[in-house]
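What's in run-v6.cif: mmCIF, C-alpha atoms
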data_structure
#
loop_
_atom_site.label_atom_id
_atom_site.label_comp_id
_atom_site.auth_asym_id
_atom_site.auth_seq_id
_atom_site.Cartn_x
_atom_site.Cartn_y
_atom_site.Cartn_z
CA MET N 4 -11.90 -67.79 57.80
CA VAL N 5 -9.11 -65.21 57.66
CA SER N 6 -5.96 -64.87 59.74
CA GLY N 7 -3.53 -62.10 60.51
CA SER N 8 -0.75 -60.86 62.71
CA CYS N 9 1.19 -57.87 63.89
CA HIS N 10 4.25 -56.91 61.82
CA CYS N 11 6.75 -59.09 63.70
CA GLY N 12 4.36 -62.05 64.01
CA ALA N 13 4.39 -62.24 67.81
CA VAL N 14 0.64 -61.53 67.92
CA ARG N 15 -1.51 -63.77 65.72
CA PHE N 16 -5.26 -64.08 65.32
CA GLU N 17 -7.96 -65.66 63.18
CA CYS N 18 -11.53 -64.64 62.41
CA ASP N 19 -14.62 -66.40 61.14
CA GLY N 20 -16.05 -64.92 57.98
CA GLU N 21 -14.72 -62.86 55.12
CA PRO N 22 -14.75 -59.04 55.25
CA SER N 23 -16.56 -57.26 52.43
CA GLU N 24 -16.18 -53.72 53.74
CA GLY N 25 -13.81 -51.73 55.90
CA TYR N 26 -14.49 -48.63 57.94
CA GLU N 27 -12.12 -45.69 57.42
CA CYS N 28 -12.49 -43.42 60.42
CA ASN N 29 -11.17 -39.87 60.33
CA CYS N 30 -10.53 -39.58 64.09
CA SER N 31 -7.00 -38.60 65.11
CA HIS N 32 -6.06 -42.16 66.14
CA CYS N 33 -7.38 -44.09 63.12
CA SER N 34 -6.21 -41.57 60.55
CA ARG N 35 -2.69 -41.35 61.98
CA LYS N 36 -2.35 -45.14 62.01
CA GLY N 37 -4.11 -45.68 58.68
CA LEU N 38 -6.55 -48.17 60.17
CA LEU N 39 -9.12 -49.86 57.96
CA LEU N 40 -11.46 -51.69 60.33
CA TRP N 41 -13.78 -54.68 60.08
CA PHE N 42 -16.17 -55.09 63.00
CA LEU N 43 -17.41 -58.50 64.03
CA PRO N 44 -18.71 -60.23 67.16
CA ARG N 45 -15.93 -60.89 69.68
CA ASP N 46 -16.59 -64.63 69.69
CA ALA N 47 -15.87 -64.75 65.93
CA MET N 48 -12.24 -63.73 66.59
CA ARG N 49 -9.56 -65.76 68.34
CA ILE N 50 -6.10 -64.66 69.44
CA THR N 51 -3.85 -67.61 68.60
CA ALA N 52 -0.49 -66.23 69.78
CA GLY N 53 0.82 -63.37 71.88
CA ALA N 54 -2.28 -62.53 73.94
CA ASP N 55 -0.27 -62.26 77.15
CA GLY N 56 2.13 -59.72 75.66
CA LEU N 57 -0.39 -57.28 74.19
CA ASN N 58 -0.45 -53.67 75.33
CA THR N 59 -3.62 -51.58 75.40
CA TYR N 60 -4.27 -47.99 74.42
CA THR N 61 -7.55 -46.16 75.03
CA PHE N 62 -8.52 -42.56 74.37
CA ASN N 63 -11.53 -40.25 74.08
CA ARG N 64 -14.49 -42.18 75.57
CA HIS N 65 -12.36 -45.30 76.29
CA VAL N 66 -14.87 -47.49 74.42
CA ILE N 67 -12.32 -49.49 72.40
CA GLN N 68 -9.24 -51.13 73.90
CA HIS N 69 -6.78 -50.73 71.03
CA GLN N 70 -4.43 -53.73 71.25
CA PHE N 71 -0.88 -53.48 70.00
CA CYS N 72 2.31 -55.50 70.00
CA PRO N 73 4.97 -54.10 72.35
CA THR N 74 7.75 -55.35 70.06
CA CYS N 75 6.78 -53.90 66.66
CA GLY N 76 4.07 -51.42 67.73
CA CYS N 77 1.55 -52.71 65.19
CA GLN N 78 -2.15 -52.58 66.09
CA PRO N 79 -3.81 -55.67 64.57
CA PHE N 80 -7.16 -55.24 66.35
CA GLY N 81 -9.15 -53.55 69.08
CA LEU N 82 -11.73 -54.92 71.50
CA GLY N 83 -14.83 -53.22 72.83
CA LYS N 84 -18.58 -53.24 73.24
CA LYS N 85 -21.39 -52.01 71.04
CA PRO N 86 -23.94 -49.57 72.52
CA ASP N 87 -26.20 -52.57 73.28
CA GLY N 88 -23.41 -54.12 75.41
CA SER N 89 -22.47 -56.97 73.07
CA GLU N 90 -18.74 -57.60 72.77
CA MET N 91 -17.08 -56.88 69.44
CA ALA N 92 -13.69 -56.93 67.78
CA ALA N 93 -12.37 -54.29 65.38
CA ILE N 94 -9.92 -56.00 63.02
CA ASN N 95 -7.32 -53.93 61.18
CA LEU N 96 -7.77 -55.27 57.65
CA ARG N 97 -4.24 -54.17 56.81
CA CYS N 98 -2.97 -56.88 59.20
CA LEU N 99 -4.74 -59.77 57.45
CA GLU N 100 -2.48 -62.20 55.62
CA GLU N 101 -3.12 -63.20 52.00
CA PHE N 102 -6.07 -60.83 51.77
CA ASP N 103 -6.77 -58.51 48.83
CA LEU N 104 -7.77 -55.06 50.12
CA ALA N 105 -8.77 -53.97 46.60
CA GLY N 106 -12.02 -55.94 46.84
CA VAL N 107 -13.15 -54.29 50.07
CA LYS N 108 -15.73 -51.51 49.97
CA ARG N 109 -14.47 -48.58 52.03
CA VAL N 110 -17.02 -46.93 54.30
CA PRO N 111 -16.10 -43.45 55.60
CA VAL N 112 -16.82 -42.79 59.29
CA ASP N 113 -16.80 -39.32 60.85
CA GLY N 114 -15.04 -40.19 64.09
CA LYS N 115 -13.98 -36.57 64.56
CA ALA N 116 -17.60 -35.78 65.39
CA TYR N 117 -17.53 -38.07 68.44
#
Give the structure from the file, written as structure tokens.
Amino acid sequence: MVSGSCHCGAVRFECDGEPSEGYECNCSHCSRKGLLLWFLPRDAMRITAGADGLNTYTFNRHVIQHQFCPTCGCQPFGLGKKPDGSEMAAINLRCLEEFDLAGVKRVPVDGKAY
């Protein structure tokens, strides 16, 4: 299990599993924010604090609800659905606590093409 938070700590979450790779998307949103994402089933992720205060940003096809803290502006995760309709979470690996990013394989994604 891993846990994380936004920068100020108002939003906290935990996830089952251990990420081995992170997706680096080159779309305008992900590249500007420097997101490194780990996708997992929605039921493997739990928001443990701050769920009521989260703000949501969507763009392009409005497939992912990018969740961010209104206090510090940090985006710890996004929520959405896969093409088959199953719910998923996109965790910003940079928001995990006590996690070594150096051991994560980075997978480039051409989000500009979508």
*atom CA of N:Leu57 to atom CA of N:Ala105: how many Å, to one decimal?*
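So the two atoms, atom CA of N:Leu57 and atom CA of N:Ala105, lie 29.0 Å apart.
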*Nearest to N:Ser8 among N:Val66, N:Ala52, N:Ala92, N:Val112, with distances taken over all atoms listed in the file: which residue is it?*
N:Ala52
Report the closest atom pair, with its distance in Å rounded to one decimal, for each residue of stretch 46-101 of chain N that has an atom no farther than 7 Å from stretch 12-25 of chain N; count all atoms listed in the file, sort by chain and then rising residue number, and write it as CSV.
residue,atom,partner,partner_atom,distance
N:Ala47,CA,N:Asp19,CA,5.2
N:Met48,CA,N:Cys18,CA,4.3
N:Arg49,CA,N:Glu17,CA,5.4
N:Ile50,CA,N:Phe16,CA,4.2
N:Thr51,CA,N:Phe16,CA,5.0
N:Ala52,CA,N:Arg15,CA,4.9
N:Gly53,CA,N:Val14,CA,4.4
N:Ala54,CA,N:Val14,CA,6.8
N:Cys72,CA,N:Val14,CA,6.6
Selection file, C-alpha atoms, as a JSON list (two decimals), in the frame of the given file:
[["chain", "number", "residue", "atom", "x", "y", "z"],
["N", 47, "ALA", "CA", -15.87, -64.75, 65.93],
["N", 48, "MET", "CA", -12.24, -63.73, 66.59],
["N", 49, "ARG", "CA", -9.56, -65.76, 68.34],
["N", 50, "ILE", "CA", -6.10, -64.66, 69.44],
["N", 51, "THR", "CA", -3.85, -67.61, 68.60],
["N", 52, "ALA", "CA", -0.49, -66.23, 69.78],
["N", 53, "GLY", "CA", 0.82, -63.37, 71.88],
["N", 54, "ALA", "CA", -2.28, -62.53, 73.94],
["N", 72, "CYS", "CA", 2.31, -55.50, 70.00]]
*asked:* I'd like the residues picked by the PyMOL selection byres ((chain N and resi 81) around 6) written out as a list in words, using the chain letters and numbers from the file.
replied: Gln68, His69, Gln70, Phe80, Leu82, Ala92 and Ala93 of chain N
_Nearest-residue call for N:Thr74, choices N:Gly114, N:Cys9, N:Met4, N:Phe42, using only C-alpha atoms_ =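 That would be N:Cys9, the residue with the smallest distance to N:Thr74.
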